[in-house]
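Trainee: File data03.tsv follows (TSV, C-alpha atoms):
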chain	number	residue	atom	x	y	z
A	1	MET	CA	-107.01	-8.64	75.62
A	2	VAL	CA	-106.83	-9.29	71.91
A	3	VAL	CA	-106.38	-6.34	69.61
A	4	LEU	CA	-107.28	-7.08	66.00
A	5	LEU	CA	-104.78	-5.83	63.51
A	6	GLY	CA	-107.15	-4.99	60.72
A	7	PRO	CA	-108.42	-7.38	58.09
A	8	VAL	CA	-105.96	-9.58	56.28
A	9	ALA	CA	-106.16	-8.84	52.60
A	10	PRO	CA	-108.21	-11.59	50.93
A	11	ALA	CA	-106.33	-13.88	48.62
A	12	VAL	CA	-107.24	-13.92	44.98
A	13	ALA	CA	-108.36	-17.49	44.48
A	14	GLN	CA	-108.48	-19.75	41.48
A	15	SER	CA	-111.45	-22.08	40.98
A	16	VAL	CA	-111.10	-25.55	39.52
A	17	VAL	CA	-113.40	-28.56	39.34
A	18	LYS	CA	-112.72	-31.80	41.20
A	19	CYS	CA	-113.95	-34.79	39.15
A	20	VAL	CA	-114.37	-38.36	40.38
A	21	ASP	CA	-114.96	-41.21	37.90
A	22	GLY	CA	-116.71	-44.53	38.51
A	23	ASP	CA	-113.51	-46.15	39.79
A	24	GLY	CA	-112.94	-43.43	42.35
A	25	ASN	CA	-110.07	-41.76	40.48
A	26	VAL	CA	-109.81	-38.03	41.21
A	27	THR	CA	-108.74	-35.36	38.72
A	28	TYR	CA	-108.72	-31.57	38.87
A	29	GLN	CA	-109.55	-29.46	35.80
A	30	ASP	CA	-110.75	-26.01	34.79
A	31	SER	CA	-113.81	-27.26	32.89
A	32	THR	CA	-116.99	-29.22	33.66
A	33	CYS	CA	-116.62	-32.93	34.42
A	34	THR	CA	-117.50	-35.22	31.50
A	35	GLY	CA	-118.33	-38.87	30.91
A	36	GLY	CA	-120.69	-39.18	33.87
A	37	GLN	CA	-118.06	-38.10	36.39
A	38	ALA	CA	-119.20	-36.56	39.66
A	39	GLY	CA	-117.79	-33.11	40.24
A	40	ARG	CA	-117.73	-30.09	42.51
A	41	PRO	CA	-115.91	-26.75	42.39
A	42	VAL	CA	-112.76	-26.37	44.49
A	43	THR	CA	-111.09	-23.05	45.32
A	44	LEU	CA	-107.31	-23.01	45.33
A	45	PRO	CA	-105.34	-20.28	47.14
A	46	LYS	CA	-103.35	-17.82	45.07
A	47	ALA	CA	-99.63	-18.30	44.70
A	48	GLU	CA	-97.53	-16.13	46.97
A	49	ALA	CA	-96.12	-13.01	45.33
A	50	ARG	CA	-92.32	-12.88	45.23
A	51	ASP	CA	-92.07	-9.92	47.58
A	52	GLU	CA	-94.44	-11.56	50.06
A	53	ALA	CA	-92.43	-14.80	50.00
A	54	SER	CA	-89.26	-12.82	50.69
A	55	LEU	CA	-90.89	-11.17	53.71
A	56	TRP	CA	-92.09	-14.48	55.12
A	57	GLU	CA	-88.74	-16.15	54.52
A	58	ALA	CA	-86.82	-13.39	56.28
A	59	ALA	CA	-89.18	-13.49	59.27
A	60	ALA	CA	-89.08	-17.29	59.47
A	61	LYS	CA	-85.27	-17.29	59.57
A	62	ASP	CA	-85.50	-15.15	62.71
A	63	ALA	CA	-88.23	-17.37	64.22
A	64	ARG	CA	-90.70	-14.48	63.94
A	65	VAL	CA	-94.42	-14.59	63.15
A	66	VAL	CA	-95.89	-11.56	61.36
A	67	VAL	CA	-99.41	-10.60	60.41
A	68	GLY	CA	-100.47	-12.01	57.06
A	69	MET	CA	-97.92	-14.86	57.22
A	70	PRO	CA	-99.30	-18.10	55.66
A	71	LYS	CA	-99.44	-21.22	57.81
A	72	ARG	CA	-96.57	-22.92	55.99
A	73	TRP	CA	-94.27	-20.05	56.96
A	74	VAL	CA	-95.55	-19.96	60.55
A	75	LEU	CA	-94.57	-23.62	60.80
A	76	ARG	CA	-91.11	-22.80	59.48
A	77	ALA	CA	-90.78	-19.90	61.90
A	78	ARG	CA	-91.99	-21.55	65.11
A	79	GLY	CA	-92.34	-25.26	64.43
A	80	THR	CA	-95.24	-27.47	65.46
A	81	PRO	CA	-97.82	-25.99	67.86
A	82	VAL	CA	-98.83	-28.02	70.91
A	83	GLU	CA	-102.52	-27.32	70.25
A	84	ILE	CA	-104.64	-26.41	67.25
A	85	ARG	CA	-108.30	-25.58	67.74
A	86	ALA	CA	-111.10	-24.07	65.74
A	87	GLY	CA	-111.63	-20.38	66.37
A	88	THR	CA	-114.73	-18.91	67.99
A	89	PRO	CA	-116.47	-15.56	67.36
A	90	ARG	CA	-114.75	-14.27	70.49
A	91	ASP	CA	-111.36	-15.23	69.04
A	92	ASN	CA	-112.02	-13.32	65.81
A	93	ALA	CA	-110.17	-16.15	64.08
A	94	THR	CA	-111.03	-19.26	62.11
A	95	GLU	CA	-108.25	-21.25	63.82
A	96	VAL	CA	-105.96	-20.71	66.81
A	97	TRP	CA	-102.52	-22.27	67.36
A	98	ARG	CA	-100.91	-22.45	70.80
A	99	TYR	CA	-97.15	-22.83	71.24
A	100	ALA	CA	-95.42	-24.28	74.27
A	101	PRO	CA	-93.93	-21.74	76.70
A	102	ARG	CA	-90.49	-20.51	75.67
A	103	ASP	CA	-88.46	-17.92	77.53
A	104	GLY	CA	-91.50	-17.32	79.75
A	105	VAL	CA	-93.86	-16.63	76.82
A	106	THR	CA	-96.80	-18.75	75.66
A	107	LEU	CA	-97.64	-17.68	72.13
A	108	LEU	CA	-101.09	-17.84	70.54
A	109	VAL	CA	-101.48	-17.25	66.79
A	110	GLY	CA	-104.95	-16.58	65.37
A	111	PHE	CA	-105.61	-17.24	61.70
A	112	ALA	CA	-108.10	-15.73	59.27
A	113	GLY	CA	-108.30	-18.55	56.75
A	114	SER	CA	-104.74	-19.61	55.96
A	115	ASN	CA	-103.00	-16.41	57.11
A	116	ALA	CA	-101.97	-15.16	60.56
A	117	ALA	CA	-104.35	-12.40	61.69
A	118	TRP	CA	-103.02	-11.74	65.20
A	119	MET	CA	-100.55	-12.93	67.81
A	120	ARG	CA	-100.64	-12.62	71.59
A	121	ASP	CA	-98.84	-13.63	74.75
A	122	ASP	CA	-101.11	-16.00	76.69
A	123	THR	CA	-98.67	-16.82	79.47
A	124	ALA	CA	-100.54	-18.35	82.42
A	125	GLY	CA	-103.79	-17.66	80.58
A	126	ARG	CA	-103.59	-13.95	81.32
A	127	GLY	CA	-103.76	-12.85	77.74
A	128	GLY	CA	-101.70	-10.07	76.26
A	129	THR	CA	-101.58	-7.49	73.55
A	130	ALA	CA	-101.41	-8.47	69.92
A	131	GLU	CA	-98.72	-7.00	67.73
A	132	ALA	CA	-99.69	-3.60	66.40
A	133	SER	CA	-98.55	-3.60	62.79
A	134	PRO	CA	-98.37	-6.06	59.87
A	135	GLY	CA	-94.58	-6.27	60.01
A	136	ALA	CA	-94.22	-6.58	63.75
A	137	PRO	CA	-92.48	-9.68	65.15
A	138	VAL	CA	-93.38	-11.84	68.11
A	139	GLY	CA	-89.97	-12.40	69.76
A	140	ALA	CA	-87.14	-14.28	68.07
A	141	VAL	CA	-87.25	-17.52	70.02
A	142	ALA	CA	-86.40	-21.08	69.11
A	143	ASN	CA	-88.99	-23.44	67.65
A	144	ALA	CA	-91.28	-25.14	70.15
A	145	VAL	CA	-91.68	-28.70	68.89
A	146	ALA	CA	-94.22	-30.92	70.64
A	147	ASP	CA	-93.40	-34.47	71.66
A	148	ALA	CA	-93.72	-36.64	68.55
A	149	SER	CA	-95.60	-39.37	70.40
A	150	THR	CA	-98.57	-37.16	71.33
A	151	ARG	CA	-98.47	-34.08	69.13
A	152	GLY	CA	-100.70	-35.34	66.34
A	153	ALA	CA	-103.70	-37.41	67.40
A	154	GLN	CA	-105.83	-34.57	68.75
A	155	ASN	CA	-105.32	-32.59	65.53
A	156	ARG	CA	-106.50	-35.22	63.04
A	157	ARG	CA	-109.95	-33.63	62.85
A	158	PHE	CA	-108.33	-30.69	61.06
A	159	VAL	CA	-107.22	-32.83	58.12
A	160	ILE	CA	-109.39	-31.71	55.19
A	161	ALA	CA	-109.10	-31.82	51.42
A	162	GLY	CA	-107.15	-28.92	49.94
A	163	ARG	CA	-104.69	-28.44	52.80
A	164	TYR	CA	-100.97	-28.64	52.14
A	165	CYS	CA	-99.67	-32.08	53.14
A	166	GLU	CA	-96.59	-30.58	54.81
A	167	HIS	CA	-98.88	-28.67	57.18
A	168	VAL	CA	-100.82	-31.82	58.00
A	169	PHE	CA	-97.70	-33.87	58.77
A	170	ALA	CA	-96.41	-31.10	61.03
A	171	GLU	CA	-99.70	-31.12	62.94
A	172	ILE	CA	-100.39	-34.85	63.25
A	173	GLY	CA	-96.98	-36.52	62.94
A	174	ASN	CA	-95.84	-39.46	60.85
A	175	ALA	CA	-98.27	-42.03	59.48
A	176	ASP	CA	-98.40	-45.59	60.76
A	177	ARG	CA	-98.11	-46.77	57.17
A	178	GLN	CA	-98.33	-45.46	53.62
A	179	GLU	CA	-99.02	-46.76	50.12
A	180	ALA	CA	-98.19	-45.40	46.68
A	181	LEU	CA	-101.31	-44.56	44.65
A	182	PRO	CA	-101.60	-46.46	41.37
A	183	GLY	CA	-102.61	-45.00	38.01
A	184	ALA	CA	-102.26	-41.53	36.56
A	185	ASN	CA	-102.72	-39.72	39.88
A	186	ALA	CA	-99.20	-40.09	41.26
A	187	GLY	CA	-99.30	-39.64	44.99
A	188	THR	CA	-99.32	-41.42	48.34
A	189	ARG	CA	-102.02	-42.56	50.74
A	190	TYR	CA	-101.31	-42.29	54.47
A	191	PHE	CA	-102.92	-44.29	57.27
A	192	TYR	CA	-103.17	-43.33	60.96
A	193	GLU	CA	-104.38	-45.86	63.53
A	194	PRO	CA	-106.24	-44.91	66.73
A	195	GLN	CA	-104.08	-43.64	69.60
A	196	ASN	CA	-104.27	-41.38	72.64
A	197	GLY	CA	-105.94	-38.14	71.66
A	198	ASP	CA	-108.02	-39.86	68.97
A	199	PRO	CA	-108.66	-43.32	70.46
A	200	ARG	CA	-111.56	-44.53	68.31
A	201	MET	CA	-110.87	-43.17	64.84
A	202	ARG	CA	-108.79	-44.54	61.97
A	203	THR	CA	-107.82	-41.74	59.56
A	204	ALA	CA	-106.56	-42.10	56.00
A	205	PHE	CA	-105.89	-39.46	53.37
A	206	SER	CA	-104.25	-39.11	49.96
A	207	CYS	CA	-101.60	-36.55	49.05
A	208	ILE	CA	-101.52	-35.60	45.38
A	209	GLY	CA	-99.49	-32.68	44.08
A	210	SER	CA	-98.48	-31.62	47.64
A	211	LYS	CA	-102.11	-31.27	48.81
A	212	VAL	CA	-104.66	-33.48	50.57
A	213	ALA	CA	-106.99	-34.83	47.88
A	214	ASP	CA	-109.41	-36.85	50.03
A	215	VAL	CA	-109.91	-37.96	53.64
A	216	ASP	CA	-111.56	-41.07	55.09
A	217	ARG	CA	-112.36	-41.54	58.78
A	218	THR	CA	-113.50	-44.90	60.17
A	219	LEU	CA	-114.89	-45.42	63.67
A	220	VAL	CA	-113.14	-48.34	65.35
A	221	PRO	CA	-115.11	-50.35	67.98
Rewrite the structure of this file - the entire thing - as structure tokens.
Mentor:
Amino acid sequence: MVVLLGPVAPAVAQSVVKCVDGDGNVTYQDSTCTGGQAGRPVTLPKAEARDEASLWEAAAKDARVVVGMPKRWVLRARGTPVEIRAGTPRDNATEVWRYAPRDGVTLLVGFAGSNAAWMRDDTAGRGGTAEASPGAPVGAVANAVADASTRGAQNRRFVIAGRYCEHVFAEIGNADRQEALPGANAGTRYFYEPQNGDPRMRTAFSCIGSKVADVDRTLVP
């Protein structure tokens, strides 16, 4: 049984405009695109408040997950999940992470957007009770890190523009190759070839300023 822990306070977001010129160069600005550039609004998450960051850091050092914790801190606390899937209405979550059994406990973490909304023990698929308060921990256990050869392919579909690159690498593993991006937009483009878990798709994305700027997926015969 999953017990919801109340709504996670919505983040105050900042809106910017993503502009793409005729050569495909991408820039982000707080005003309308000019010079015939194509553009669309992009919402960036708020920066973490200092007291919040201190709470997450303290919990992560003890390998604990707490309600409201951003994904980047969940990764620091527990490492790479063995499964990431989209949430369903029954989950009351936009995304659910499953961690490998440790000390007899299989941990599920449900997210509302980019923050942890609930945690539960799903050992043997029985389900359990979510933690009952925003500061409550889920057992101080060591990180459960999936095998590097298989941990990433099935999660490539979750690579989308705007995500932190460090989250993406933790979920899908190291790229098969990478290239430095030329021009004013200093960054790197990463390429992932088909493999077990994603056998027919080639995925490539660019990281600029610590975030995914664009994603290309190509079906391979």
Trainee: At most 10 Å from (-106.4, -23.6, 55.3), file frame, only C-alpha atoms: which residues, as a list in words?
Mentor: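 Taken together, the residues in range are Pro45, Pro70, Lys71, Arg72, Thr94, Glu95, Phe111, Ala112, Gly113, Ser114, Asn115, Phe158, Val159, Ile160, Ala161, Gly162, Arg163, Tyr164 and His167 of chain A.
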Trainee: How many Å separate CA of Val105 in chain A from CA of Asp122 in chain A?
Mentor: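 Result for CA of Val105 in chain A versus CA of Asp122 in chain A: 7.3 Å, one decimal.
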Trainee: I need the residue nearest Arg98 in chain A from this list: A:Ala86, A:Ala186, A:Cys165, A:Ala58. Use all atoms listed in the file for the distance.
Mentor: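 Under the stated criterion, the closest residue is A:Ala86.
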Trainee: Which residue out of A:Leu107, A:Ser206, A:Asn196, A:Met201 has the minimum interatomic distance to Leu219 in chain A when all atoms listed in the file are used?
Mentor: A:Met201
Trainee: If you measure from CA of Gly183 in chain A to CA of Thr203 in chain A, what distance in Å do you get, rounded to one decimal?
Mentor: 22.4 Å
Trainee: I'd like the interatomic distance between CA of Gly197 in chain A and CA of Pro89 in chain A, to a tenth of an Å.
Mentor: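 Straight-line distance from CA of Gly197 in chain A to CA of Pro89 in chain A works out to 25.3 Å.
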Trainee: Please return the centre and edge lengths, in Å to one decimal, of a box with edges along x, y and z that contains all listed atoms of range 155-162 of chain A, widened by 4 Å on every side, as AutoDock Vina command-line options.
Mentor:
--center_x -107.6 --center_y -32.1 --center_z 57.7 --size_x 12.6 --size_y 14.3 --size_z 23.6
Trainee: With distances taken over all atoms listed in the file, which residue among A:Thr80, A:Ser210, A:Thr88, A:Thr34 lies nearest Ala170 in chain A?
Mentor: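 Closest candidate: A:Thr80.
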Trainee: For Tyr99 in chain A, please output as a PyMOL selection string all residues within 8 Å (counting only C-alpha atoms; exclusion window: fewer than 2 positions along the same chain).
Mentor: chain A and resi 80-83+97+101+106-108+144
Trainee: Fewer than 4 positions away in the same chain doesn't count, so skip those; otherwise give me all residues within 7 Å of range 73-76 of chain A, counting all atoms listed in the file, as a ChimeraX atom specification.
Mentor: /A:56,60,65,69,80
Trainee: Pull the neighbourhood of (-106.5, -41.8, 52.5) for me: all residues within 6 Å in file coordinates, counting all atoms listed in the file, as an mmCIF file with C-alpha atoms, keeping the file's coordinate frame.
Mentor:
data_model
loop_
_atom_site.group_PDB
_atom_site.id
_atom_site.type_symbol
_atom_site.label_atom_id
_atom_site.label_comp_id
_atom_site.auth_asym_id
_atom_site.auth_seq_id
_atom_site.Cartn_x
_atom_site.Cartn_y
_atom_site.Cartn_z
ATOM 1 C CA ARG A 189 -102.020 -42.560 50.740
ATOM 2 C CA TYR A 190 -101.310 -42.290 54.470
ATOM 3 C CA ALA A 204 -106.560 -42.100 56.000
ATOM 4 C CA PHE A 205 -105.890 -39.460 53.370
ATOM 5 C CA SER A 206 -104.250 -39.110 49.960
ATOM 6 C CA VAL A 215 -109.910 -37.960 53.640
ATOM 7 C CA ASP A 216 -111.560 -41.070 55.090
#
